[in-house]
file run30.cif (mmCIF, C-alpha atoms)
data_target
#
loop_
_atom_site.label_atom_id
_atom_site.label_comp_id
_atom_site.auth_asym_id
_atom_site.auth_seq_id
_atom_site.Cartn_x
_atom_site.Cartn_y
_atom_site.Cartn_z
CA MET D 1 -4.92 -4.07 22.81
CA ARG D 2 -3.64 -7.41 21.50
CA LEU D 3 -2.76 -7.82 17.85
CA PRO D 4 -2.63 -11.12 15.96
CA GLU D 5 0.52 -12.25 14.21
CA PHE D 6 0.97 -10.33 10.96
CA ALA D 7 0.70 -13.29 8.58
CA LEU D 8 2.22 -11.57 5.58
CA GLU D 9 5.23 -10.25 7.48
CA ALA D 10 5.75 -13.61 9.20
CA TYR D 11 5.90 -15.30 5.78
CA PHE D 12 8.30 -12.63 4.56
CA ALA D 13 10.45 -13.12 7.65
CA ARG D 14 10.94 -16.73 6.57
CA TRP D 15 11.61 -16.15 2.88
CA GLU D 16 12.13 -12.52 1.82
CA PHE D 17 15.91 -12.46 2.23
CA THR D 18 16.63 -16.12 1.53
CA ALA D 19 14.64 -16.74 -1.66
CA ARG D 20 16.66 -16.12 -4.81
CA HIS D 21 13.83 -14.29 -6.57
CA ASN D 22 11.34 -12.08 -4.75
CA LEU D 23 8.47 -12.12 -7.24
CA CYS D 24 5.91 -10.68 -4.85
CA ALA D 25 7.60 -7.44 -3.78
CA SER D 26 5.09 -4.66 -3.15
CA ASP D 27 7.48 -1.80 -3.85
CA MET D 28 9.22 -0.37 -6.87
CA GLN D 29 12.89 -0.84 -7.71
CA SER D 30 14.91 1.23 -5.26
CA LEU D 31 17.84 3.59 -5.68
CA THR D 32 21.27 3.78 -4.13
CA LEU D 33 22.07 6.63 -1.79
CA THR D 34 24.41 8.08 -4.42
CA GLU D 35 21.63 8.03 -7.03
CA LEU D 36 19.16 9.75 -4.74
CA LEU D 37 21.61 12.44 -3.62
CA ALA D 38 22.35 13.21 -7.26
CA LEU D 39 18.70 14.27 -7.62
CA GLY D 40 19.01 16.91 -4.92
CA THR D 41 19.69 20.59 -5.30
CA PRO D 42 23.12 21.93 -4.28
CA ALA D 43 21.54 23.28 -1.08
CA GLN D 44 19.98 19.89 -0.28
CA ARG D 45 23.26 18.06 -0.83
CA GLU D 46 25.09 20.55 1.38
CA ALA D 47 22.43 20.11 4.07
CA TRP D 48 22.99 16.37 3.84
CA ASP D 49 26.74 16.76 4.29
CA GLN D 50 26.18 18.98 7.35
CA LEU D 51 23.32 16.93 8.80
CA TRP D 52 23.07 17.02 12.59
CA LEU D 53 22.20 13.56 13.94
CA GLY D 54 20.07 14.62 16.85
CA TYR D 55 16.36 14.26 17.53
CA THR D 56 13.95 15.71 15.00
CA GLU D 57 10.54 17.30 15.58
CA THR D 58 7.83 14.78 16.44
CA ALA D 59 5.49 16.08 13.72
CA GLY D 60 8.34 16.19 11.23
CA ALA D 61 10.67 18.93 10.05
CA PRO D 62 8.67 22.02 8.99
CA SER D 63 10.40 22.10 5.60
CA LEU D 64 9.55 18.44 4.97
CA ARG D 65 5.94 18.90 6.04
CA ALA D 66 5.70 21.89 3.71
CA ALA D 67 7.10 19.82 0.85
CA ILE D 68 4.56 17.06 1.50
CA ALA D 69 1.72 19.56 1.80
CA GLY D 70 2.72 20.90 -1.61
CA MET D 71 1.67 17.56 -3.09
CA TYR D 72 -1.95 18.29 -2.11
CA ASP D 73 -4.16 21.17 -3.23
CA GLY D 74 -5.08 23.55 -0.42
CA LEU D 75 -2.94 22.02 2.32
CA GLU D 76 -0.27 23.65 4.47
CA ALA D 77 2.59 22.25 6.52
CA ASP D 78 0.39 22.14 9.64
CA ASP D 79 -1.96 19.76 7.82
CA VAL D 80 0.75 17.07 7.65
CA ALA D 81 2.35 14.76 10.21
CA VAL D 82 5.43 12.71 9.32
CA THR D 83 5.47 9.05 10.39
CA VAL D 84 7.90 6.16 10.31
CA GLY D 85 6.46 4.42 7.29
CA ALA D 86 2.80 4.02 6.36
CA GLY D 87 2.45 1.38 9.07
CA GLU D 88 2.79 3.95 11.82
CA ALA D 89 0.48 6.33 9.94
CA ILE D 90 -2.24 3.65 9.89
CA PHE D 91 -1.66 2.59 13.50
CA GLN D 92 -1.71 6.10 14.94
CA SER D 93 -4.65 7.26 12.80
CA VAL D 94 -6.80 4.31 13.84
CA ARG D 95 -5.90 4.77 17.50
CA ALA D 96 -6.77 8.47 17.36
CA LEU D 97 -10.04 7.95 15.49
CA LEU D 98 -11.63 4.91 17.13
CA GLY D 99 -12.76 3.94 20.61
CA PRO D 100 -14.29 0.76 22.04
CA ASP D 101 -17.86 1.95 21.43
CA ASP D 102 -17.23 2.73 17.75
CA HIS D 103 -17.57 0.69 14.58
CA ALA D 104 -15.43 0.73 11.43
CA VAL D 105 -15.76 -0.62 7.91
CA THR D 106 -12.85 -1.84 5.81
CA LEU D 107 -12.27 -3.72 2.56
CA ILE D 108 -11.31 -7.41 2.35
CA PRO D 109 -8.92 -8.86 1.35
CA ASN D 110 -6.60 -6.25 2.76
CA TYR D 111 -3.21 -5.30 4.05
CA GLN D 112 -3.60 -6.79 7.51
CA SER D 113 -2.97 -3.69 9.60
CA LEU D 114 -5.94 -1.94 7.95
CA GLU D 115 -8.13 -4.58 9.61
CA ALA D 116 -6.29 -5.80 12.68
CA VAL D 117 -5.44 -2.47 14.31
CA ALA D 118 -9.05 -1.31 14.10
CA ALA D 119 -10.35 -4.71 15.25
CA GLY D 120 -8.11 -4.40 18.31
CA VAL D 121 -10.05 -1.26 19.27
CA CYS D 122 -13.67 -1.78 18.21
CA ALA D 123 -16.06 -3.80 16.05
CA VAL D 124 -15.14 -3.92 12.36
CA THR D 125 -17.12 -5.07 9.31
CA GLY D 126 -15.34 -6.26 6.18
CA VAL D 127 -16.75 -5.42 2.75
CA PRO D 128 -15.36 -7.84 0.15
CA LEU D 129 -14.15 -6.81 -3.26
CA ASP D 130 -15.94 -8.81 -5.95
CA PRO D 131 -13.37 -10.92 -7.82
CA SER D 132 -15.58 -11.71 -10.79
CA PRO D 133 -17.74 -8.84 -11.99
CA GLY D 134 -19.56 -9.16 -15.28
CA SER D 135 -17.19 -10.94 -17.61
CA GLY D 136 -15.67 -12.97 -14.78
CA ARG D 137 -12.40 -11.03 -14.78
CA GLY D 138 -10.99 -8.29 -12.62
CA TRP D 139 -12.33 -6.85 -9.37
CA SER D 140 -15.07 -4.41 -8.40
CA LEU D 141 -16.52 -2.66 -5.36
CA ASP D 142 -20.20 -1.82 -4.94
CA PRO D 143 -20.70 1.28 -2.75
CA ASP D 144 -24.07 -0.17 -1.72
CA ARG D 145 -22.18 -2.95 0.08
CA ILE D 146 -20.46 -0.28 2.17
CA ALA D 147 -23.78 1.48 2.80
CA GLU D 148 -25.26 -1.80 4.02
CA ALA D 149 -22.34 -2.30 6.42
CA LEU D 150 -22.78 1.05 8.15
CA ARG D 151 -24.18 1.14 11.69
CA PRO D 152 -25.40 4.03 13.85
CA ASN D 153 -22.02 4.04 15.61
CA THR D 154 -19.85 3.72 12.48
CA ARG D 155 -17.05 6.25 12.88
CA ALA D 156 -14.61 5.34 10.10
CA ILE D 157 -14.43 3.80 6.64
CA ILE D 158 -10.94 2.46 5.98
CA LEU D 159 -9.90 2.33 2.33
CA ASN D 160 -6.81 1.22 0.43
CA LEU D 161 -6.96 2.52 -3.15
CA PRO D 162 -5.13 1.58 -5.36
CA HIS D 163 -5.64 -1.69 -3.54
CA ASN D 164 -3.22 -4.18 -2.01
CA PRO D 165 -3.15 -7.02 -3.08
CA THR D 166 -5.43 -6.81 -6.12
CA GLY D 167 -4.31 -3.59 -7.81
CA TYR D 168 -7.99 -2.58 -7.96
CA LEU D 169 -8.73 1.08 -8.65
CA PRO D 170 -12.38 2.16 -8.55
CA PRO D 171 -13.85 4.43 -11.20
CA ARG D 172 -14.23 7.99 -9.92
CA PRO D 173 -18.02 7.73 -9.47
CA VAL D 174 -17.55 4.76 -7.12
CA PHE D 175 -14.95 6.59 -5.02
CA GLU D 176 -17.07 9.73 -4.90
CA ALA D 177 -20.12 7.67 -3.89
CA ILE D 178 -18.20 6.29 -0.91
CA ILE D 179 -17.16 9.79 0.12
CA GLY D 180 -20.79 10.86 -0.25
CA LEU D 181 -21.86 8.09 2.14
CA ALA D 182 -19.30 9.27 4.68
CA ARG D 183 -20.20 12.95 4.33
CA ALA D 184 -23.92 12.26 4.80
CA ARG D 185 -23.20 10.64 8.17
CA GLY D 186 -20.13 12.59 9.29
CA ILE D 187 -18.02 9.41 9.11
CA TRP D 188 -14.26 9.68 8.86
CA ILE D 189 -12.41 8.19 5.90
CA LEU D 190 -8.92 6.78 6.43
CA SER D 191 -7.50 6.42 2.92
CA ASP D 192 -4.30 4.44 2.34
CA GLU D 193 -3.03 5.91 -0.95
CA VAL D 194 0.51 4.51 -1.05
CA TYR D 195 0.23 3.32 -4.69
CA ARG D 196 -1.08 6.60 -6.03
CA GLY D 197 0.85 7.53 -9.18
CA LEU D 198 1.09 3.97 -10.53
CA GLU D 199 -2.16 3.94 -12.47
CA ARG D 200 -1.99 2.31 -15.91
CA ARG D 201 -3.79 5.38 -17.30
CA GLU D 202 -3.03 8.70 -15.66
CA GLU D 203 -6.55 9.92 -16.41
CA ASP D 204 -7.89 7.25 -14.03
CA ARG D 205 -5.95 8.63 -11.06
CA LEU D 206 -8.18 9.49 -8.12
CA LEU D 207 -7.85 12.73 -6.21
CA PRO D 208 -6.54 12.24 -2.67
CA ALA D 209 -9.38 11.78 -0.21
CA VAL D 210 -8.11 14.71 1.86
CA GLU D 211 -8.76 17.02 -1.09
CA LEU D 212 -12.32 15.78 -1.54
CA TYR D 213 -13.57 15.52 2.03
CA GLU D 214 -12.95 17.57 5.16
CA ARG D 215 -13.08 14.49 7.43
CA ALA D 216 -10.54 12.43 5.49
CA LEU D 217 -7.00 11.34 6.26
CA SER D 218 -4.75 10.51 3.31
CA VAL D 219 -1.81 8.23 4.07
CA GLY D 220 1.27 8.39 1.86
CA VAL D 221 4.73 6.85 1.92
CA LEU D 222 7.98 6.89 -0.05
CA SER D 223 8.19 3.08 -0.04
CA LYS D 224 5.94 2.06 -2.93
CA THR D 225 5.55 4.39 -5.91
CA TYR D 226 8.83 6.16 -5.16
CA GLY D 227 10.86 3.00 -4.53
CA LEU D 228 12.44 4.15 -1.26
CA PRO D 229 11.26 1.73 1.45
CA GLY D 230 14.58 1.92 3.27
CA LEU D 231 13.86 5.51 4.29
CA ARG D 232 10.85 4.33 6.37
CA LEU D 233 9.23 7.71 5.74
CA GLY D 234 5.45 8.11 5.58
CA TRP D 235 2.90 10.78 6.38
CA ILE D 236 -0.69 11.64 7.22
CA ALA D 237 -2.43 14.54 5.49
CA CYS D 238 -5.53 15.78 7.31
CA ARG D 239 -7.40 19.09 7.48
CA ASP D 240 -8.52 18.55 11.09
CA ARG D 241 -5.54 19.91 12.98
CA GLU D 242 -6.84 18.86 16.39
CA LEU D 243 -7.02 15.23 15.24
CA LEU D 244 -3.55 15.57 13.75
CA ARG D 245 -2.29 16.98 17.05
CA ARG D 246 -3.62 13.91 18.89
CA ILE D 247 -1.93 11.64 16.38
CA VAL D 248 1.39 13.43 16.87
CA ARG D 249 1.11 13.20 20.65
CA GLN D 250 0.57 9.44 20.38
CA LYS D 251 3.93 9.20 18.61
CA ASP D 252 5.52 10.16 21.94
CA TYR D 253 4.83 6.54 22.98
CA THR D 254 6.15 4.87 19.83
CA THR D 255 8.75 6.28 17.45
CA LEU D 256 8.82 9.82 18.91
CA CYS D 257 10.25 11.15 15.64
CA ALA D 258 11.50 10.11 12.24
CA PRO D 259 15.27 9.64 11.70
CA ALA D 260 17.02 12.83 10.66
CA PRO D 261 18.75 11.18 7.63
CA SER D 262 15.41 9.88 6.39
CA GLU D 263 13.83 13.32 6.63
CA ALA D 264 16.68 14.96 4.73
CA LEU D 265 16.59 12.35 1.98
CA ALA D 266 12.79 12.51 1.85
CA GLU D 267 12.97 16.21 0.97
CA ILE D 268 15.22 15.34 -1.95
CA ALA D 269 12.86 12.58 -3.07
CA ILE D 270 9.78 14.77 -2.90
CA GLY D 271 11.55 17.51 -4.82
CA ALA D 272 12.40 14.92 -7.49
CA ARG D 273 9.02 13.16 -7.34
CA ASP D 274 8.18 13.70 -11.00
CA HIS D 275 11.41 11.96 -11.99
CA LEU D 276 10.90 9.11 -9.51
CA VAL D 277 7.28 8.49 -10.53
CA ALA D 278 8.19 8.54 -14.22
CA ARG D 279 11.00 6.07 -13.54
CA SER D 280 8.61 3.71 -11.74
CA ARG D 281 5.92 3.97 -14.38
CA ALA D 282 8.43 3.22 -17.12
CA LEU D 283 9.63 0.07 -15.34
CA VAL D 284 6.05 -1.15 -14.82
CA ALA D 285 5.30 -0.51 -18.50
CA GLU D 286 8.38 -2.56 -19.40
CA ASN D 287 7.53 -5.44 -17.09
CA LEU D 288 3.81 -5.90 -17.68
CA PRO D 289 4.16 -7.27 -21.25
CA LEU D 290 6.52 -9.91 -19.87
CA LEU D 291 3.87 -10.98 -17.39
CA ASP D 292 1.18 -10.94 -20.06
CA ALA D 293 3.23 -13.26 -22.23
CA PHE D 294 4.15 -15.52 -19.31
CA PHE D 295 0.56 -16.01 -18.19
CA ALA D 296 -0.62 -16.48 -21.77
CA ARG D 297 1.80 -19.41 -22.07
CA HIS D 298 0.38 -20.93 -18.89
CA ALA D 299 -3.30 -20.09 -19.24
CA ASP D 300 -4.17 -23.61 -18.12
CA ARG D 301 -2.62 -22.90 -14.70
CA PHE D 302 -3.49 -19.26 -14.04
CA ASP D 303 -6.22 -16.66 -14.53
CA TRP D 304 -4.54 -13.32 -15.13
CA GLN D 305 -5.63 -9.78 -15.83
CA VAL D 306 -3.52 -6.63 -15.76
CA PRO D 307 -4.63 -4.59 -12.72
CA PRO D 308 -5.56 -0.95 -13.33
CA ALA D 309 -3.01 0.41 -10.85
CA GLY D 310 -0.09 -0.39 -8.57
CA CYS D 311 2.87 -2.73 -9.01
CA ILE D 312 1.21 -5.87 -7.62
CA ALA D 313 -1.59 -8.17 -8.78
CA TYR D 314 -3.59 -11.05 -7.36
CA PRO D 315 -3.97 -13.78 -10.02
CA ARG D 316 -5.89 -17.01 -9.56
CA TYR D 317 -4.12 -20.37 -9.42
CA ARG D 318 -6.07 -23.22 -11.01
CA GLY D 319 -3.94 -26.21 -9.98
CA ALA D 320 -5.56 -29.08 -8.12
CA GLU D 321 -3.08 -29.02 -5.21
CA GLY D 322 -4.16 -25.51 -4.21
CA VAL D 323 -2.28 -22.23 -4.19
CA ASP D 324 -0.75 -22.61 -0.73
CA ALA D 325 0.94 -25.90 -1.56
CA PHE D 326 1.98 -24.55 -4.94
CA THR D 327 3.65 -21.39 -3.63
CA ASP D 328 5.38 -23.28 -0.81
CA ASP D 329 6.84 -25.79 -3.26
CA LEU D 330 7.82 -23.03 -5.68
CA VAL D 331 9.92 -21.16 -3.15
CA GLU D 332 11.45 -24.29 -1.64
CA ARG D 333 12.43 -25.93 -4.93
CA ALA D 334 12.97 -22.97 -7.26
CA GLY D 335 13.69 -20.09 -4.91
CA VAL D 336 10.84 -18.02 -6.38
CA LEU D 337 8.78 -16.21 -3.76
CA LEU D 338 5.08 -15.49 -4.24
CA LEU D 339 2.61 -14.59 -1.48
CA PRO D 340 -0.05 -17.29 -1.02
CA ALA D 341 -3.71 -16.59 -0.30
CA ARG D 342 -3.43 -17.68 3.31
CA VAL D 343 -1.51 -14.54 4.29
CA TYR D 344 -4.55 -12.50 3.24
CA ARG D 345 -7.11 -14.46 5.24
CA SER D 346 -9.45 -12.17 7.15
CA ALA D 347 -11.24 -12.54 10.46
CA LEU D 348 -14.03 -10.42 8.97
CA GLY D 349 -15.24 -12.86 6.33
CA PRO D 350 -14.24 -15.23 3.54
CA VAL D 351 -11.83 -14.04 0.86
CA PRO D 352 -10.66 -15.90 -2.27
CA ALA D 353 -8.44 -18.83 -1.27
CA ASP D 354 -7.07 -19.57 -4.75
CA ARG D 355 -5.02 -16.40 -5.31
CA PHE D 356 -1.43 -15.27 -4.90
CA ARG D 357 0.29 -11.89 -4.95
CA ILE D 358 2.82 -11.22 -7.66
CA GLY D 359 4.88 -8.04 -8.00
CA PHE D 360 6.18 -6.37 -11.14
CA GLY D 361 8.04 -3.32 -9.88
CA ARG D 362 11.55 -4.76 -9.74
CA ALA D 363 14.25 -4.68 -12.41
CA ASP D 364 15.03 -8.40 -12.04
CA LEU D 365 11.56 -9.52 -13.15
CA PRO D 366 12.92 -11.25 -16.32
CA GLN D 367 15.26 -13.43 -14.26
CA ALA D 368 12.52 -14.26 -11.75
CA LEU D 369 10.11 -15.24 -14.52
CA GLU D 370 12.80 -17.40 -16.13
CA ALA D 371 13.20 -19.36 -12.90
CA PHE D 372 9.41 -19.54 -12.48
CA GLU D 373 8.98 -20.89 -15.99
CA ALA D 374 11.71 -23.46 -15.52
CA TYR D 375 9.88 -24.72 -12.45
CA LEU D 376 6.57 -25.00 -14.34
CA THR D 377 8.04 -26.77 -17.33
CA ARG D 378 10.06 -29.17 -15.19
#
call {"tool": "encode", "arguments": {"input": "run30.cif", "output": "structure tokens"}}
result
Amino acid sequence: MRLPEFALEAYFARWEFTARHNLCASDMQSLTLTELLALGTPAQREAWDQLWLGYTETAGAPSLRAAIAGMYDGLEADDVAVTVGAGEAIFQSVRALLGPDDHAVTLIPNYQSLEAVAAGVCAVTGVPLDPSPGSGRGWSLDPDRIAEALRPNTRAIILNLPHNPTGYLPPRPVFEAIIGLARARGIWILSDEVYRGLERREEDRLLPAVELYERALSVGVLSKTYGLPGLRLGWIACRDRELLRRIVRQKDYTTLCAPAPSEALAEIAIGARDHLVARSRALVAENLPLLDAFFARHADRFDWQVPPAGCIAYPRYRGAEGVDAFTDDLVERAGVLLLPARVYRSALGPVPADRFRIGFGRADLPQALEAFEAYLTR
């Protein structure tokens, strides 16, 4: 299995820690260790103080798996495997699900691992999101496009909802129609749900795929909605325990187990999840009006619409020089980092080439927008 260079991460490697303003971050504002520990119970803080820094269980600590399972209706600790971030969850799930004679369907544009890992195993078809439904604004997904992409050997549909990079969230009937397609054919659904909880309207929140379908895997992580990417703590929730066992055994060749400090801190975070989600939602609600006003002032340069979920969006750049040249010049001259369309190019088909990813989950958004505006007006 040979994987292509991860274009997004390669671009980040060049700029993420040198640019003065990271205006494309995909995660929420993080916490300090002191702030997170303060959210724990006395027993959790004592456990942290007495933490033994040895190996942990490959599947994850039973207490942590039970805490994660408690986030899903009808699941138990044995229905959860802990991973080192969502990246490992995706990698191991794809490797356990797919073989060289299989076929998979995924959405484009996408977070590259949702395409590349599967394409390193078997044939993959990309189903594009429509960037201009109806009024010419927003994004949409037609379940019929997925139905048309299915083959006799299709084994998995790979979803990312809420979506990276667009922030797209399908209406419930669309999501349920996709699950219906999978159920009718016995196809697995691998559902990346790392932005769940950041919907603009809570009533639009989708149920986890694992709650709706017996052949679904729901991937979660503490990095995005919870603002704790430094813990590198993700998970897979799946009701097929034999598949989960195979996934866990594959970890013997990669990470083996999650770090003990991350597991202990993850239990605190999950216990305080209501607080952490409310904190993130409040910051997004504070930041989005600033973006609305910014893009309204520069409507001649950008097409902007508030996405229905997540803390990232994928606006259109209208300048004649093209978005790649624009974003490169912006970071080099003004120190403002956006993700250009080229890092979302797909081997599965054409995707919009005039877009860029912008993030609005960080507390320094006002300062980043000030530097961005100074660049535009100069």
call {"tool": "resolve_selection", "arguments": {"input": "run30.cif", "expression": "the PyMOL selection byres ((chain D and resi 178-190) around 8)", "output": "PyMOL selection string"}}
result
chain D and resi 93+143+146-147+154-159+174-177+191-192+209+212-213+215-219
call {"tool": "residues_around", "arguments": {"input": "run30.cif", "residues": "range 10-24 of chain D", "least_positions_apart": "6", "cutoff": "9 Å", "atoms": "only C-alpha atoms", "output": "MDAnalysis selection string"}}
result
chainID D and resid 312:313 331:332 334:339 343 356:360 362 364:365 367:369 371
call {"tool": "atom_distance", "arguments": {"input": "run30.cif", "atom1": "CA of Leu31 in chain D", "atom2": "CA of Ser280 in chain D"}}
result
11.0 Å
call {"tool": "residues_around", "arguments": {"input": "run30.cif", "residues": "Arg318 in chain D", "least_positions_apart": "5", "cutoff": "9 Å", "atoms": "only C-alpha atoms", "output": "CSV table (one decimal) with C-alpha atoms, keeping the file's coordinate frame"}}
result
chain,number,residue,atom,x,y,z
D,300,ASP,CA,-4.2,-23.6,-18.1
D,301,ARG,CA,-2.6,-22.9,-14.7
D,302,PHE,CA,-3.5,-19.3,-14.0
D,303,ASP,CA,-6.2,-16.7,-14.5
D,323,VAL,CA,-2.3,-22.2,-4.2
D,354,ASP,CA,-7.1,-19.6,-4.8
D,355,ARG,CA,-5.0,-16.4,-5.3
call {"tool": "closest_residue", "arguments": {"input": "run30.cif", "among": "D:Arg145, D:Arg2, D:Arg95, D:His298", "to": "Ile247 in chain D", "atoms": "all atoms listed in the file"}}
result
D:Arg95
call {"tool": "residues_around", "arguments": {"input": "run30.cif", "residues": "Asp78 in chain D", "least_positions_apart": "4", "cutoff": "12 Å", "atoms": "all atoms listed in the file", "output": "PyMOL selection string"}}
result
chain D and resi 59-70+74+82+236-245+248
call {"tool": "atom_distance", "arguments": {"input": "run30.cif", "atom1": "CA of Glu203 in chain D", "atom2": "CA of Leu36 in chain D"}}
result
28.2 Å
call {"tool": "residues_around", "arguments": {"input": "run30.cif", "residues": "Ala119 in chain D", "least_positions_apart": "2", "cutoff": "12 Å", "atoms": "all atoms listed in the file", "output": "JSON, numbers by chain"}}
result
{"D": [1, 2, 3, 4, 91, 94, 95, 98, 99, 100, 101, 102, 103, 104, 105, 106, 112, 113, 114, 115, 116, 117, 121, 122, 123, 124, 125, 126, 158, 346, 347, 348]}
call {"tool": "closest_residue", "arguments": {"input": "run30.cif", "among": "D:Pro162, D:Tyr226, D:Lys251, D:Gln50", "to": "Asp274 in chain D", "atoms": "all atoms listed in the file"}}
result
D:Tyr226
call {"tool": "resolve_selection", "arguments": {"input": "run30.cif", "expression": "the PyMOL selection byres ((chain D and resi 305-309) around 8)", "output": "PyMOL selection string"}}
result
chain D and resi 137-138+162+166-169+195+198-201+288+292+303-304+310-313+315
call {"tool": "atom_distance", "arguments": {"input": "run30.cif", "atom1": "CA of Arg279 in chain D", "atom2": "CA of Glu46 in chain D"}}
result
25.1 Å
call {"tool": "closest_residue", "arguments": {"input": "run30.cif", "among": "D:Gly197, D:Pro259, D:Gly85, D:Pro128", "to": "Leu222 in chain D", "atoms": "all atoms listed in the file"}}
result
D:Gly85
call {"tool": "closest_residue", "arguments": {"input": "run30.cif", "among": "D:Leu231, D:Leu376, D:Met28, D:Val351", "to": "Val284 in chain D", "atoms": "all atoms listed in the file"}}
result
D:Met28
call {"tool": "closest_residue", "arguments": {"input": "run30.cif", "among": "D:Ala38, D:Leu265, D:Ala118, D:Val210", "to": "Asp79 in chain D", "atoms": "all atoms listed in the file"}}
result
D:Val210
call {"tool": "decode", "arguments": {"input": "run30.cif", "residues": "range 202-208 of chain D", "atoms": "all heavy atoms", "output": "JSON list (two decimals), in the first residue's frame"}}
result
[["chain", "number", "residue", "atom", "x", "y", "z"],
["D", 202, "GLU", "N", -29.45, 23.28, 16.79],
["D", 202, "GLU", "CA", -29.34, 21.97, 17.41],
["D", 202, "GLU", "C", -30.37, 21.00, 16.86],
["D", 202, "GLU", "O", -30.14, 19.78, 16.80],
["D", 202, "GLU", "CB", -29.48, 22.09, 18.93],
["D", 202, "GLU", "CG", -28.29, 22.80, 19.58],
["D", 202, "GLU", "CD", -28.30, 22.69, 21.09],
["D", 202, "GLU", "OE1", -28.42, 21.55, 21.59],
["D", 202, "GLU", "OE2", -28.22, 23.73, 21.76],
["D", 203, "GLU", "N", -31.52, 21.50, 16.41],
["D", 203, "GLU", "CA", -32.55, 20.61, 15.88],
["D", 203, "GLU", "C", -32.14, 19.98, 14.55],
["D", 203, "GLU", "O", -32.78, 19.01, 14.10],
["D", 203, "GLU", "CB", -33.88, 21.36, 15.72],
["D", 203, "GLU", "CG", -33.83, 22.58, 14.82],
["D", 203, "GLU", "CD", -33.57, 23.87, 15.58],
["D", 203, "GLU", "OE1", -32.87, 23.82, 16.61],
["D", 203, "GLU", "OE2", -34.08, 24.91, 15.12],
["D", 204, "ASP", "N", -31.10, 20.50, 13.90],
["D", 204, "ASP", "CA", -30.62, 19.91, 12.66],
["D", 204, "ASP", "C", -29.60, 18.79, 12.88],
["D", 204, "ASP", "O", -29.18, 18.14, 11.92],
["D", 204, "ASP", "CB", -29.97, 20.99, 11.78],
["D", 204, "ASP", "CG", -30.98, 22.01, 11.28],
["D", 204, "ASP", "OD1", -32.17, 21.68, 11.19],
["D", 204, "ASP", "OD2", -30.55, 23.14, 10.96],
["D", 205, "ARG", "N", -29.20, 18.58, 14.12],
["D", 205, "ARG", "CA", -28.16, 17.58, 14.41],
["D", 205, "ARG", "C", -28.63, 16.19, 13.98],
["D", 205, "ARG", "O", -29.73, 15.76, 14.29],
["D", 205, "ARG", "CB", -27.83, 17.60, 15.89],
["D", 205, "ARG", "CG", -26.66, 16.69, 16.29],
["D", 205, "ARG", "CD", -26.26, 16.95, 17.73],
["D", 205, "ARG", "NE", -25.88, 18.35, 17.89],
["D", 205, "ARG", "CZ", -25.97, 19.02, 19.03],
["D", 205, "ARG", "NH1", -26.44, 18.41, 20.12],
["D", 205, "ARG", "NH2", -25.60, 20.28, 19.09],
["D", 206, "LEU", "N", -27.75, 15.49, 13.27],
["D", 206, "LEU", "CA", -28.05, 14.13, 12.84],
["D", 206, "LEU", "C", -27.73, 13.14, 13.95],
["D", 206, "LEU", "O", -26.79, 13.34, 14.73],
["D", 206, "LEU", "CB", -27.23, 13.78, 11.60],
["D", 206, "LEU", "CG", -27.41, 14.66, 10.37],
["D", 206, "LEU", "CD1", -26.42, 14.25, 9.29],
["D", 206, "LEU", "CD2", -28.84, 14.58, 9.84],
["D", 207, "LEU", "N", -28.48, 12.06, 14.00],
["D", 207, "LEU", "CA", -28.12, 10.97, 14.89],
["D", 207, "LEU", "C", -26.84, 10.32, 14.39],
["D", 207, "LEU", "O", -26.58, 10.28, 13.18],
["D", 207, "LEU", "CB", -29.23, 9.93, 14.96],
["D", 207, "LEU", "CG", -30.51, 10.33, 15.70],
["D", 207, "LEU", "CD1", -31.57, 9.24, 15.54],
["D", 207, "LEU", "CD2", -30.22, 10.58, 17.17],
["D", 208, "PRO", "N", -26.01, 9.79, 15.28],
["D", 208, "PRO", "CA", -24.83, 9.06, 14.81],
["D", 208, "PRO", "C", -25.24, 7.88, 13.94],
["D", 208, "PRO", "O", -26.25, 7.22, 14.20],
["D", 208, "PRO", "CB", -24.17, 8.59, 16.11],
["D", 208, "PRO", "CG", -24.71, 9.48, 17.18],
["D", 208, "PRO", "CD", -26.09, 9.83, 16.75]]
